[in-house]
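Data from work-v2.txt: compact mmCIF, C-alpha atoms
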# COMPACT_ATOMS: atom_id res chain seq x y z
CA MET A 1 30.43 -12.56 118.71
CA ILE A 2 28.14 -12.53 115.73
CA ASP A 3 26.28 -9.36 114.77
CA THR A 4 25.55 -8.90 111.10
CA VAL A 5 22.84 -7.70 108.77
CA VAL A 6 21.89 -10.21 106.06
CA PRO A 7 20.30 -8.57 103.01
CA ALA A 8 17.31 -10.19 101.34
CA GLY A 9 18.27 -12.96 98.92
CA GLU A 10 21.56 -13.78 100.66
CA PRO A 11 22.57 -16.89 102.59
CA TRP A 12 24.37 -16.79 105.92
CA MET A 13 26.25 -19.52 107.79
CA GLY A 14 27.76 -19.42 111.23
CA VAL A 15 28.47 -21.50 114.32
CA ILE A 16 26.90 -20.83 117.68
CA ARG A 17 28.38 -22.51 120.72
CA ARG A 18 26.50 -24.55 123.30
CA GLY A 19 25.00 -22.17 125.83
CA GLU A 20 25.06 -19.15 123.55
CA ARG A 21 21.92 -17.25 122.63
CA PHE A 22 21.23 -16.54 118.99
CA ARG A 23 18.80 -13.81 117.95
CA ILE A 24 17.25 -13.20 114.55
CA VAL A 25 15.65 -9.78 114.07
CA ASP A 26 13.03 -9.14 111.38
CA LEU A 27 14.25 -5.61 110.68
CA GLU A 28 11.45 -4.39 108.43
CA GLY A 29 8.69 -6.93 109.09
CA ASN A 30 7.14 -10.05 107.53
CA GLN A 31 10.39 -11.40 106.16
CA ALA A 32 10.71 -15.19 105.79
CA VAL A 33 13.97 -16.49 107.26
CA ASP A 34 14.53 -20.03 105.97
CA THR A 35 16.74 -21.71 108.56
CA LEU A 36 18.43 -25.07 109.13
CA PHE A 37 20.49 -26.19 112.13
CA TYR A 38 23.22 -28.85 112.15
CA ASN A 39 25.32 -30.41 114.88
CA ALA A 40 28.57 -28.48 114.27
CA ASP A 41 30.66 -31.60 115.02
CA ASP A 42 28.63 -33.99 112.84
CA THR A 43 26.42 -32.37 110.24
CA HIS A 44 24.59 -35.63 109.51
CA GLU A 45 22.67 -34.68 112.64
CA HIS A 46 20.34 -31.80 111.85
CA TYR A 47 17.05 -30.14 112.79
CA SER A 48 14.09 -32.41 112.04
CA ALA A 49 10.73 -30.77 111.42
CA GLN A 50 8.77 -33.98 111.98
CA ASN A 51 10.60 -35.00 115.18
CA THR A 52 10.09 -31.49 116.53
CA ILE A 53 6.36 -31.19 115.82
CA GLN A 54 5.73 -34.81 116.87
CA ALA A 55 7.41 -34.25 120.25
CA GLN A 56 5.70 -30.95 121.01
CA GLY A 57 2.37 -32.11 119.54
CA ARG A 58 2.03 -28.81 117.71
CA ILE A 59 3.05 -27.51 114.29
CA TYR A 60 4.00 -23.92 115.16
CA LEU A 61 7.15 -22.85 116.95
CA THR A 62 7.30 -20.20 119.68
CA THR A 63 8.79 -19.57 123.13
CA GLY A 64 9.43 -22.90 124.85
CA SER A 65 9.64 -24.92 121.64
CA LEU A 66 12.46 -27.44 121.72
CA LEU A 67 14.04 -28.05 118.31
CA LEU A 68 14.91 -31.73 117.97
CA SER A 69 17.39 -33.38 115.64
CA ASN A 70 16.85 -36.30 113.29
CA ARG A 71 18.40 -38.39 116.09
CA GLY A 72 15.78 -37.17 118.55
CA ARG A 73 18.18 -34.98 120.54
CA PRO A 74 17.47 -31.40 121.66
CA MET A 75 19.46 -28.91 119.58
CA LEU A 76 18.06 -25.50 120.51
CA ARG A 77 15.26 -24.02 122.55
CA ILE A 78 13.29 -20.90 121.69
CA GLU A 79 13.74 -18.64 124.73
CA ASP A 80 12.07 -15.46 123.52
CA ASP A 81 9.75 -14.65 120.64
CA THR A 82 8.12 -11.29 120.00
CA CYS A 83 6.48 -12.56 116.78
CA GLY A 84 4.49 -15.44 118.28
CA ARG A 85 4.46 -18.08 115.59
CA HIS A 86 6.97 -19.60 113.19
CA ASP A 87 6.39 -22.12 110.40
CA THR A 88 7.62 -25.72 110.27
CA LEU A 89 5.83 -26.93 107.13
CA GLY A 90 6.38 -24.53 104.23
CA GLY A 91 9.99 -25.45 103.51
CA ALA A 92 12.18 -23.49 101.15
CA CYS A 93 11.35 -22.09 97.74
CA SER A 94 13.35 -23.52 94.84
CA SER A 95 13.44 -22.70 91.16
CA GLU A 96 11.82 -26.07 90.48
CA SER A 97 8.99 -25.68 93.00
CA ASN A 98 8.43 -22.13 91.74
CA THR A 99 7.64 -23.60 88.30
CA VAL A 100 4.91 -25.68 89.93
CA ARG A 101 3.54 -23.09 92.32
CA TYR A 102 3.53 -19.99 90.10
CA ALA A 103 4.42 -20.51 86.42
CA LEU A 104 6.94 -22.49 84.36
CA GLU A 105 8.88 -19.31 83.50
CA LYS A 106 9.48 -18.54 87.21
CA ARG A 107 12.35 -21.04 87.08
CA TYR A 108 14.82 -18.24 86.51
CA MET A 109 14.01 -16.24 89.64
CA HIS A 110 16.27 -16.43 92.69
CA SER A 111 15.22 -18.92 95.39
CA CYS A 112 16.13 -20.07 98.88
CA ARG A 113 17.41 -23.41 97.72
CA ASP A 114 19.83 -21.70 95.34
CA SER A 115 21.09 -19.69 98.31
CA PHE A 116 21.38 -22.84 100.43
CA LEU A 117 23.29 -24.71 97.71
CA LEU A 118 25.69 -21.83 97.10
CA ALA A 119 26.36 -21.48 100.83
CA LEU A 120 27.02 -25.23 101.15
CA ALA A 121 29.33 -25.16 98.12
CA ARG A 122 31.35 -22.26 99.57
CA HIS A 123 31.41 -23.96 102.98
CA ASP A 124 33.22 -26.82 101.18
CA GLN A 125 32.78 -29.44 103.92
CA GLY A 126 31.08 -32.07 101.77
CA MET A 127 27.52 -30.92 102.47
CA THR A 128 25.17 -31.09 99.47
CA LYS A 129 21.49 -31.13 98.57
CA ARG A 130 21.34 -34.40 100.51
CA ASP A 131 21.83 -32.31 103.64
CA LEU A 132 18.82 -30.08 103.03
CA PRO A 133 15.89 -31.45 105.04
CA SER A 134 12.70 -29.48 105.66
CA ASN A 135 13.62 -26.11 107.20
CA ILE A 136 12.07 -23.63 109.61
CA ASN A 137 10.62 -20.40 108.26
CA PHE A 138 11.04 -17.88 111.05
CA PHE A 139 8.47 -15.05 111.03
CA MET A 140 6.31 -16.86 108.47
CA ASN A 141 2.63 -17.65 109.04
CA VAL A 142 1.46 -20.90 107.40
CA PRO A 143 -1.78 -21.89 109.12
CA VAL A 144 -3.37 -25.33 108.78
CA THR A 145 -7.15 -25.46 109.04
CA PRO A 146 -9.10 -28.14 110.96
CA GLU A 147 -10.26 -29.38 107.52
CA GLY A 148 -6.65 -30.10 106.58
CA GLY A 149 -6.08 -27.10 104.31
CA LEU A 150 -2.85 -25.12 104.31
CA ARG A 151 -2.26 -21.58 103.20
CA PHE A 152 0.38 -18.91 103.22
CA ALA A 153 -1.32 -16.23 105.26
CA ASP A 154 -0.37 -12.61 105.67
CA GLY A 155 2.51 -12.27 108.07
CA ILE A 156 2.00 -11.64 111.76
CA SER A 157 5.49 -10.26 112.26
CA ALA A 158 6.44 -6.59 112.16
CA ALA A 159 9.52 -4.40 112.01
CA GLY A 160 11.88 -5.10 114.89
CA ARG A 161 10.31 -8.34 116.08
CA HIS A 162 12.76 -11.08 116.98
CA VAL A 163 13.17 -14.69 117.96
CA GLU A 164 15.91 -15.80 120.31
CA LEU A 165 17.22 -19.34 120.74
CA SER A 166 19.65 -20.95 123.14
CA ALA A 167 21.98 -23.57 121.69
CA LEU A 168 21.95 -26.92 123.51
CA MET A 169 24.86 -28.18 121.40
CA ASP A 170 27.47 -26.51 119.18
CA THR A 171 25.31 -25.66 116.19
CA LEU A 172 26.01 -24.77 112.58
CA VAL A 173 23.34 -22.38 111.32
CA LEU A 174 22.36 -22.13 107.66
CA ILE A 175 20.04 -19.29 106.71
CA SER A 176 18.56 -18.16 103.42
CA ASN A 177 17.02 -14.73 103.77
CA CYS A 178 14.17 -15.48 101.39
CA PRO A 179 14.09 -13.78 97.96
CA GLN A 180 10.55 -14.90 97.05
CA LEU A 181 8.81 -12.25 94.92
CA ASN A 182 5.68 -14.26 94.06
CA ASN A 183 4.07 -14.66 97.46
CA PRO A 184 2.00 -12.03 99.29
CA CYS A 185 3.20 -13.37 102.67
CA ASN A 186 6.05 -10.83 102.60
CA ALA A 187 4.10 -8.16 100.68
CA TYR A 188 6.26 -9.08 97.63
CA ASN A 189 9.08 -7.20 99.31
CA PRO A 190 11.99 -9.23 100.74
CA THR A 191 13.89 -7.24 103.36
CA PRO A 192 17.07 -7.53 105.48
CA ILE A 193 17.43 -9.32 108.80
CA ARG A 194 19.96 -9.04 111.62
CA VAL A 195 21.54 -12.11 113.20
CA MET A 196 23.46 -11.86 116.44
CA THR A 197 24.77 -13.87 119.37
CA LEU A 198 24.15 -12.59 122.88
CA GLY A 199 26.65 -14.63 124.85
CA VAL A 200 25.92 -17.45 127.23
CA ALA A 201 22.31 -18.09 128.19
CA THR A 202 21.35 -17.56 131.79
CA ARG A 203 19.28 -20.75 131.76
CA GLU A 204 21.56 -23.68 130.90
CA SER A 205 20.11 -26.79 129.29
CA ALA A 206 19.16 -29.66 131.57
CA MET B 1 -14.55 -41.70 84.00
CA SER B 2 -13.13 -43.39 87.05
CA ALA B 3 -9.44 -42.95 87.63
CA ALA B 4 -9.30 -46.12 89.69
CA PRO B 5 -7.54 -49.02 88.02
CA HIS B 6 -10.54 -51.13 87.16
CA PHE B 7 -8.39 -53.27 84.97
CA VAL B 8 -7.17 -56.64 85.63
CA THR B 9 -5.07 -59.05 87.45
CA PRO B 10 -2.21 -57.63 89.51
CA LEU B 11 1.30 -57.84 88.10
CA TRP B 12 2.28 -58.96 91.55
CA GLU B 13 1.02 -58.97 95.11
CA GLU B 14 2.77 -58.94 98.45
CA GLU B 15 1.56 -59.02 102.01
CA ILE B 16 3.61 -57.06 104.54
CA PRO B 17 2.95 -58.31 108.08
CA GLY B 18 2.17 -55.74 110.78
CA GLY B 19 5.41 -54.31 112.15
CA ALA B 20 7.47 -55.26 109.09
CA HIS B 21 9.24 -53.08 106.52
CA TRP B 22 9.63 -53.38 102.75
CA SER B 23 11.20 -51.62 99.82
CA GLY B 24 11.17 -52.02 96.08
CA VAL B 25 11.23 -50.24 92.76
CA VAL B 26 7.87 -49.30 91.25
CA ARG B 27 8.03 -48.24 87.61
CA ARG B 28 6.40 -45.30 85.88
CA GLY B 29 3.00 -46.44 84.65
CA VAL B 30 2.29 -48.81 87.53
CA VAL B 31 -0.43 -48.32 90.14
CA LEU B 32 0.50 -49.62 93.58
CA ARG B 33 -2.52 -50.32 95.76
CA LEU B 34 -1.98 -50.33 99.53
CA VAL B 35 -4.75 -52.29 101.28
CA ALA B 36 -5.17 -52.01 105.07
CA LEU B 37 -5.47 -55.52 106.47
CA ALA B 38 -6.90 -54.43 109.84
CA ASP B 39 -8.46 -51.40 111.49
CA ASP B 40 -6.22 -48.50 112.54
CA ALA B 41 -3.54 -49.33 110.00
CA ASN B 42 -0.56 -47.03 109.46
CA VAL B 43 2.02 -47.29 106.70
CA ALA B 44 5.03 -44.98 106.93
CA THR B 45 6.24 -44.30 103.39
CA LEU B 46 9.11 -42.62 101.54
CA PHE B 47 9.79 -42.13 97.82
CA TYR B 48 13.11 -41.64 95.96
CA SER B 49 13.75 -41.34 92.24
CA ARG B 50 15.22 -44.60 90.94
CA GLU B 51 17.22 -42.65 88.37
CA GLN B 52 18.82 -40.27 90.89
CA PRO B 53 17.87 -40.90 94.54
CA LEU B 54 19.02 -37.39 95.45
CA GLU B 55 15.65 -36.45 93.96
CA ARG B 56 13.21 -37.43 96.68
CA TYR B 57 9.76 -36.88 98.12
CA ASN B 58 9.44 -33.36 99.51
CA MET B 59 6.83 -32.77 102.19
CA ALA B 60 6.90 -28.98 101.99
CA ASP B 61 6.61 -28.79 98.21
CA THR B 62 3.79 -31.36 98.27
CA LEU B 63 1.80 -29.42 100.88
CA LYS B 64 2.30 -25.90 99.60
CA ALA B 65 1.76 -26.66 95.91
CA GLN B 66 -1.62 -28.17 96.73
CA HIS B 67 -2.53 -25.99 99.73
CA THR B 68 -3.18 -29.06 101.80
CA ALA B 69 -2.00 -30.66 105.02
CA HIS B 70 -3.44 -34.07 104.19
CA LEU B 71 -3.37 -36.37 101.17
CA THR B 72 -6.31 -38.01 99.37
CA THR B 73 -7.63 -38.61 95.85
CA GLY B 74 -6.38 -35.96 93.43
CA CYS B 75 -3.24 -35.16 95.41
CA VAL B 76 0.22 -35.91 94.10
CA CYS B 77 3.53 -36.51 95.86
CA TYR B 78 6.11 -34.00 94.65
CA SER B 79 9.85 -34.48 94.53
CA ASP B 80 12.15 -31.61 95.43
CA MET B 81 12.71 -31.08 91.68
CA GLY B 82 9.19 -29.93 90.80
CA ARG B 83 8.20 -33.34 89.47
CA ILE B 84 5.58 -35.86 90.53
CA LEU B 85 6.81 -39.16 91.91
CA CYS B 86 3.30 -40.60 92.29
CA SER B 87 -0.36 -39.58 92.25
CA VAL B 88 -3.21 -40.59 94.55
CA VAL B 89 -5.72 -41.76 91.94
CA ALA B 90 -8.14 -43.50 94.30
CA ASP B 91 -8.61 -43.60 98.05
CA THR B 92 -11.35 -45.22 100.12
CA CYS B 93 -9.84 -44.05 103.40
CA GLY B 94 -10.03 -40.31 102.74
CA TRP B 95 -7.14 -38.81 104.69
CA HIS B 96 -3.44 -39.64 104.94
CA ASP B 97 -1.02 -37.85 107.26
CA PRO B 98 2.04 -36.11 105.79
CA LEU B 99 3.05 -34.30 109.00
CA CYS B 100 3.92 -36.50 111.96
CA GLY B 101 6.98 -38.52 110.96
CA LEU B 102 8.32 -41.84 112.21
CA THR B 103 8.39 -43.65 115.53
CA ASP B 104 11.70 -43.90 117.35
CA ALA B 105 12.94 -46.72 119.57
CA ARG B 106 12.72 -44.69 122.77
CA SER B 107 9.05 -43.75 122.41
CA LEU B 108 8.10 -47.30 121.40
CA GLU B 109 9.92 -48.72 124.40
CA SER B 110 8.13 -46.35 126.75
CA ARG B 111 4.78 -47.37 125.25
CA TYR B 112 5.18 -51.10 124.68
CA GLY B 113 8.17 -52.09 126.81
CA SER B 114 11.59 -53.28 125.84
CA THR B 115 11.93 -56.00 123.19
CA ARG B 116 14.95 -57.72 121.68
CA PHE B 117 15.42 -60.34 119.03
CA GLN B 118 17.18 -62.52 121.64
CA GLU B 119 13.89 -63.02 123.51
CA GLN B 120 11.07 -62.09 121.14
CA ARG B 121 12.62 -63.28 117.87
CA ASN B 122 10.77 -61.71 114.93
CA ALA B 123 8.02 -60.41 117.19
CA ARG B 124 10.43 -57.75 118.48
CA ILE B 125 9.40 -54.15 117.86
CA VAL B 126 11.26 -52.22 115.17
CA SER B 127 10.92 -48.43 115.13
CA GLY B 128 10.02 -46.44 112.05
CA ILE B 129 13.44 -44.81 111.95
CA GLU B 130 15.25 -48.16 112.20
CA ALA B 131 13.00 -49.66 109.52
CA MET B 132 13.73 -46.81 107.11
CA LEU B 133 17.49 -46.80 107.82
CA VAL B 134 17.61 -50.53 106.99
CA GLU B 135 15.71 -50.09 103.72
CA LEU B 136 17.69 -46.96 102.76
CA GLY B 137 20.93 -48.85 103.30
CA LYS B 138 19.98 -51.36 100.60
CA TYR B 139 20.31 -48.56 98.03
CA GLY B 140 23.48 -47.02 99.44
CA LEU B 141 21.43 -44.34 101.18
CA ASN B 142 21.61 -43.29 104.84
CA GLU B 143 20.25 -40.86 107.40
CA ARG B 144 21.21 -37.93 105.14
CA ASP B 145 18.48 -39.23 102.83
CA LEU B 146 15.87 -39.77 105.54
CA VAL B 147 13.48 -36.91 104.81
CA ALA B 148 9.97 -36.22 106.06
CA ASN B 149 7.66 -39.15 105.31
CA ILE B 150 3.96 -39.82 104.73
CA ASN B 151 1.85 -41.95 107.09
CA PHE B 152 -0.78 -43.59 104.91
CA PHE B 153 -4.10 -44.51 106.57
CA SER B 154 -3.58 -42.10 109.49
CA LYS B 155 -5.62 -38.95 110.09
CA VAL B 156 -4.15 -36.15 112.16
CA VAL B 157 -6.02 -32.87 112.42
CA VAL B 158 -4.54 -29.52 113.43
CA ASP B 159 -6.58 -27.12 115.56
CA ASP B 160 -6.41 -23.34 115.48
CA SER B 161 -3.59 -23.30 118.02
CA GLY B 162 -1.56 -25.68 115.86
CA ALA B 163 -2.08 -28.68 118.17
CA LEU B 164 -2.01 -32.11 116.50
CA GLY B 165 -4.82 -34.60 117.15
CA ARG B 166 -4.67 -38.14 115.83
CA VAL B 167 -8.10 -39.57 115.00
CA ALA B 168 -8.20 -43.05 116.51
CA GLY B 169 -10.02 -45.69 114.48
CA HIS B 170 -9.77 -43.70 111.24
CA ALA B 171 -8.68 -46.53 108.92
CA ARG B 172 -10.81 -49.64 108.49
CA ALA B 173 -9.78 -53.09 107.31
CA GLY B 174 -10.11 -53.36 103.54
CA GLN B 175 -9.70 -49.66 102.78
CA PHE B 176 -7.15 -48.91 100.10
CA VAL B 177 -5.21 -46.12 98.46
CA ASP B 178 -3.99 -46.30 94.84
CA LEU B 179 -0.67 -44.65 94.00
CA ARG B 180 0.03 -44.26 90.29
CA PHE B 181 3.75 -43.84 89.74
CA GLU B 182 4.78 -41.09 87.34
CA MET B 183 8.51 -41.82 87.71
CA ASP B 184 10.54 -44.95 88.37
CA THR B 185 10.61 -44.80 92.15
CA ILE B 186 12.25 -46.53 95.10
CA VAL B 187 9.42 -47.06 97.59
CA LEU B 188 10.08 -47.62 101.30
CA LEU B 189 7.26 -48.85 103.55
CA HIS B 190 6.93 -49.65 107.24
CA ALA B 191 3.66 -51.11 108.56
CA GLY B 192 4.25 -49.83 112.09
CA PRO B 193 2.19 -47.78 114.54
CA HIS B 194 1.66 -44.07 114.01
CA PRO B 195 3.91 -41.94 116.25
CA LEU B 196 0.88 -40.32 117.93
CA ASP B 197 -0.88 -43.67 118.53
CA THR B 198 -1.28 -43.77 122.30
CA GLY B 199 -2.54 -47.37 122.47
CA THR B 200 -0.60 -49.55 124.88
CA ARG B 201 -1.12 -52.80 122.96
CA TYR B 202 1.34 -53.36 120.13
CA ALA B 203 -0.65 -54.89 117.27
CA PRO B 204 0.10 -52.98 114.05
CA ALA B 205 -1.99 -53.87 111.01
CA GLY B 206 -0.44 -55.52 107.98
CA VAL B 207 -0.77 -54.13 104.49
CA ARG B 208 -1.24 -55.85 101.12
CA LEU B 209 0.45 -54.46 98.02
CA GLU B 210 -1.10 -54.98 94.60
CA ALA B 211 0.72 -53.67 91.51
CA ARG B 212 -1.13 -53.14 88.23
CA HIS B 213 -0.43 -51.47 84.90
CA ALA B 214 -1.99 -48.02 84.62
CA PRO B 215 -2.83 -46.03 81.50
CA PRO B 216 -1.00 -42.69 81.17
CA PRO B 217 -2.77 -39.82 82.97
CA ALA B 218 -5.42 -38.42 80.64
CA ALA B 219 -6.17 -34.74 80.04
CA ASP B 220 -9.06 -34.99 82.52
CA ASP B 221 -7.08 -36.97 85.10
CA VAL B 222 -8.27 -36.33 88.66
CA CYS B 223 -4.76 -35.44 89.83
CA ARG B 224 -3.78 -33.35 86.80
CA THR B 225 -6.94 -31.26 87.05
CA ARG B 226 -6.99 -30.81 90.83
CA CYS B 227 -5.21 -27.43 90.61
CA PRO B 228 -3.10 -25.46 88.11
CA GLU B 229 -0.03 -26.36 90.16
CA ASN B 230 -0.54 -30.05 89.45
CA ALA B 231 -1.04 -29.37 85.73
CA ARG B 232 2.43 -27.79 85.74
CA GLY B 233 3.82 -30.62 87.84
CA PHE B 234 2.68 -33.10 85.19
CA ILE B 235 4.26 -30.96 82.44
CA ASN B 236 7.59 -31.01 84.31
CA THR B 237 7.31 -34.78 84.81
CA GLU B 238 6.33 -35.53 81.21
CA ARG B 239 9.18 -33.37 79.85
CA HIS B 240 11.61 -35.40 81.97
CA HIS B 241 10.56 -38.59 80.15
CA ARG B 242 10.82 -37.22 76.58
Encoded form (structure tokens):
Amino acid sequence: MIDTVVPAGEPWMGVIRRGERFRIVDLEGNQAVDTLFYNADDTHEHYSAQNTIQAQGRIYLTTGSLLLSNRGRPMLRIEDDTCGRHDTLGGACSSESNTVRYALEKRYMHSCRDSFLLALARHDQGMTKRDLPSNINFFMNVPVTPEGGLRFADGISAAGRHVELSALMDTLVLISNCPQLNNPCNAYNPTPIRVMTLGVATRESA
Amino acid sequence: MSAAPHFVTPLWEEEIPGGAHWSGVVRRGVVLRLVALADDANVATLFYSREQPLERYNMADTLKAQHTAHLTTGCVCYSDMGRILCSVVADTCGWHDPLCGLTDARSLESRYGSTRFQEQRNARIVSGIEAMLVELGKYGLNERDLVANINFFSKVVVDDSGALGRVAGHARAGQFVDLRFEMDTIVLLHAGPHPLDTGTRYAPAGVRLEARHAPPPAADDVCRTRCPENARGFINTERHHR
């Protein structure tokens, strides 16, 4: 069983088995949890933001959302969500995008993509930057307006809120617990999360 | 001063029939005009650096740097390395969709019925994903490189609940979008239906490509001056070429 606290600015990788439930807890509130999912047996199959939002006809994730792979297959389903909305569009921060978004000298601050790359390097299974598609930001609020604007709004999560997913295939999870210090969405204060498995789901996938 | 390329004869032109896919290298300093050849056009598009294809168009960085969920004049297409692959310097259509992705074979079959080369020959229906995998393969790339794409000429609005709504009839024949390339770029195009197009008749519009030389982006360039983020994006891109 998995049950671990991931400090802000750290990556985490783990495998959840088909049928297991996986819970992420926002321990202190408004933390961004940058997350990617891969088929544990073939990591070329991974969560696809566009396939997921296209199929559900909606950009936000919440209870009932089915996370689809780049091959159009269901990977996980969100079974429980006490936050209410999770982001599919904002992606991960990187030192390079920080130079664009904030200032050229922000290059040297820690970023989610650095965490992702270090985790993939330590994992040592041949995964690289090629294997980093657009990720989910759990607990992050990135509203799109009817006029086509996009903004990083104040968070709607709070201490202790969680999201719980059931795995529909054996899934490799890659998390960066976001270290972003330039964005008010987390009150400029990255905080720890807890990740845990809860055993086999009561509702098996169809 | 207009940023549109008012200058001259195209370096080359190409007409992509509806339903077909194309790829090629477009050099830094070239404007590629995409012209819709019929109403309701849609052109699925991906960009990769010619120098190092691991550097590629990044949907998230493009949207969040410019605080937008649609592309039009003044917007740029960011790579994942904080650089600008290309800039939208002119646009008579007004809204291009960066959210909704590609069609897959299953959804097309449910909408238009089953087709095979054996019976339909080149009138068979090719999905967006298949089209991109074929073009990626020509550069040694594969599904690991198939990132989120842009759908030019399509408008999809998002309501307060996050629901997507495609605006039918948005693009009109003759409308165009001008992409000025800031890096040598591998461009992948598929002139297929938008994934949220619910029409039951398969008749995707073709697209004409016109390539022209472009002057370097000036200090008052419409894309450079759109927001401070883009000014920094141009600095990163110009440093890369020095």
(message) List the spatial neighbours of Arg161 of chain A as a list in words - criterion: any atom at most 7 Å away, all atoms listed in the file, same-chain residues fewer than 6 positions off excluded.
(response)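 Within the cut-off, the hits are Val25, Asp26, Thr82 and Cys83 of chain A.
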(request) Give me the residues within 10 Å of segment 123-129 of chain A as a ChimeraX atom specification, counting all atoms listed in the file and dropping any in the same chain fewer than 4 places off. (result) /A:13,43-44,113,116-119,133 /B:54-55,80,144-145
(message) I want to know what sits within 6 Å of Glu229 of chain B, based on all atoms listed in the file, with residues of the same chain fewer than 3 positions away left out; could you give that as a PyMOL selection string?
(response) (chain A and resi 100-101) or (chain B and resi 232)
Do you have, as JSON lines, the list of residues of chain B lying at most 9 Å from chain A, each with its nearest atom pair and that distance in Å to one decimal, counting all atoms listed in the file and ordered by chain then number?
{"residue": "B:Leu54", "atom": "CA", "partner": "A:Arg130", "partner_atom": "CA", "distance": 6.3}
{"residue": "B:Glu55", "atom": "CA", "partner": "A:Arg130", "partner_atom": "CA", "distance": 8.9}
{"residue": "B:Asn58", "atom": "CA", "partner": "A:Ser134", "partner_atom": "CA", "distance": 8.0}
{"residue": "B:Met59", "atom": "CA", "partner": "A:Ser134", "partner_atom": "CA", "distance": 7.6}
{"residue": "B:Ala60", "atom": "CA", "partner": "A:Gly91", "partner_atom": "CA", "distance": 4.9}
{"residue": "B:Asp61", "atom": "CA", "partner": "A:Ser97", "partner_atom": "CA", "distance": 6.5}
{"residue": "B:Leu63", "atom": "CA", "partner": "A:Leu150", "partner_atom": "CA", "distance": 7.2}
{"residue": "B:Lys64", "atom": "CA", "partner": "A:Gly90", "partner_atom": "CA", "distance": 6.3}
{"residue": "B:Ala65", "atom": "CA", "partner": "A:Arg101", "partner_atom": "CA", "distance": 5.4}
{"residue": "B:Gln66", "atom": "CA", "partner": "A:Leu150", "partner_atom": "CA", "distance": 8.3}
{"residue": "B:His67", "atom": "CA", "partner": "A:Leu150", "partner_atom": "CA", "distance": 4.7}
{"residue": "B:Thr68", "atom": "CA", "partner": "A:Gly149", "partner_atom": "CA", "distance": 4.3}
{"residue": "B:Ala69", "atom": "CA", "partner": "A:Gly148", "partner_atom": "CA", "distance": 4.9}
{"residue": "B:His70", "atom": "CA", "partner": "A:Gly148", "partner_atom": "CA", "distance": 5.6}
{"residue": "B:Leu71", "atom": "CA", "partner": "A:Gly148", "partner_atom": "CA", "distance": 8.9}
{"residue": "B:Tyr78", "atom": "CA", "partner": "A:Ser97", "partner_atom": "CA", "distance": 9.0}
{"residue": "B:Ser79", "atom": "CA", "partner": "A:Ser97", "partner_atom": "CA", "distance": 9.0}
{"residue": "B:Asp80", "atom": "CA", "partner": "A:Ser97", "partner_atom": "CA", "distance": 7.1}
{"residue": "B:Met81", "atom": "CA", "partner": "A:Glu96", "partner_atom": "CA", "distance": 5.2}
{"residue": "B:Gly82", "atom": "CA", "partner": "A:Glu96", "partner_atom": "CA", "distance": 4.7}
{"residue": "B:Arg83", "atom": "CA", "partner": "A:Glu96", "partner_atom": "CA", "distance": 8.2}
{"residue": "B:Trp95", "atom": "CA", "partner": "A:Gly148", "partner_atom": "CA", "distance": 8.9}
{"residue": "B:Leu99", "atom": "CA", "partner": "A:Gln50", "partner_atom": "CA", "distance": 6.5}
{"residue": "B:Cys100", "atom": "CA", "partner": "A:Gln50", "partner_atom": "CA", "distance": 5.5}
{"residue": "B:Gly101", "atom": "CA", "partner": "A:Gln50", "partner_atom": "CA", "distance": 5.0}
{"residue": "B:Leu102", "atom": "CA", "partner": "A:Asn51", "partner_atom": "CA", "distance": 7.8}
{"residue": "B:Thr103", "atom": "CA", "partner": "A:Asn51", "partner_atom": "CA", "distance": 8.9}
{"residue": "B:Asp104", "atom": "CA", "partner": "A:Gly72", "partner_atom": "CA", "distance": 8.0}
{"residue": "B:Glu143", "atom": "CA", "partner": "A:His44", "partner_atom": "CA", "distance": 7.1}
{"residue": "B:Arg144", "atom": "CA", "partner": "A:Arg130", "partner_atom": "CA", "distance": 5.8}
{"residue": "B:Asp145", "atom": "CA", "partner": "A:Arg130", "partner_atom": "CA", "distance": 6.1}
{"residue": "B:Leu146", "atom": "CA", "partner": "A:Pro133", "partner_atom": "CA", "distance": 8.3}
{"residue": "B:Val147", "atom": "CA", "partner": "A:Pro133", "partner_atom": "CA", "distance": 6.0}
{"residue": "B:Ala148", "atom": "CA", "partner": "A:Gln50", "partner_atom": "CA", "distance": 6.4}
{"residue": "B:Asn149", "atom": "CA", "partner": "A:Gln50", "partner_atom": "CA", "distance": 8.5}
{"residue": "B:Val156", "atom": "CA", "partner": "A:Gly148", "partner_atom": "CA", "distance": 8.6}
{"residue": "B:Val157", "atom": "CA", "partner": "A:Pro146", "partner_atom": "CA", "distance": 5.8}
{"residue": "B:Val158", "atom": "CA", "partner": "A:Pro146", "partner_atom": "CA", "distance": 5.4}
{"residue": "B:Asp159", "atom": "CA", "partner": "A:Pro146", "partner_atom": "CA", "distance": 5.3}
{"residue": "B:Asp160", "atom": "CA", "partner": "A:Thr145", "partner_atom": "CA", "distance": 6.8}
{"residue": "B:Ser161", "atom": "CA", "partner": "A:Arg58", "partner_atom": "CA", "distance": 7.9}
{"residue": "B:Gly162", "atom": "CA", "partner": "A:Arg58", "partner_atom": "CA", "distance": 5.1}
{"residue": "B:Ala163", "atom": "CA", "partner": "A:Arg58", "partner_atom": "CA", "distance": 4.1}
{"residue": "B:Leu164", "atom": "CA", "partner": "A:Gly57", "partner_atom": "CA", "distance": 5.3}
{"residue": "B:Gly165", "atom": "CA", "partner": "A:Gly57", "partner_atom": "CA", "distance": 8.0}
{"residue": "B:Pro195", "atom": "CA", "partner": "A:Gln54", "partner_atom": "CA", "distance": 7.4}
{"residue": "B:Leu196", "atom": "CA", "partner": "A:Gln54", "partner_atom": "CA", "distance": 7.4}
{"residue": "B:Pro228", "atom": "CA", "partner": "A:Arg101", "partner_atom": "CA", "distance": 8.2}
{"residue": "B:Glu229", "atom": "CA", "partner": "A:Val100", "partner_atom": "CA", "distance": 5.0}
{"residue": "B:Asn230", "atom": "CA", "partner": "A:Val100", "partner_atom": "CA", "distance": 7.0}
{"residue": "B:Ala231", "atom": "CA", "partner": "A:Val100", "partner_atom": "CA", "distance": 8.2}
{"residue": "B:Arg232", "atom": "CA", "partner": "A:Val100", "partner_atom": "CA", "distance": 5.3}
{"residue": "B:Gly233", "atom": "CA", "partner": "A:Val100", "partner_atom": "CA", "distance": 5.5}
{"residue": "B:Asn236", "atom": "CA", "partner": "A:Val100", "partner_atom": "CA", "distance": 8.2}
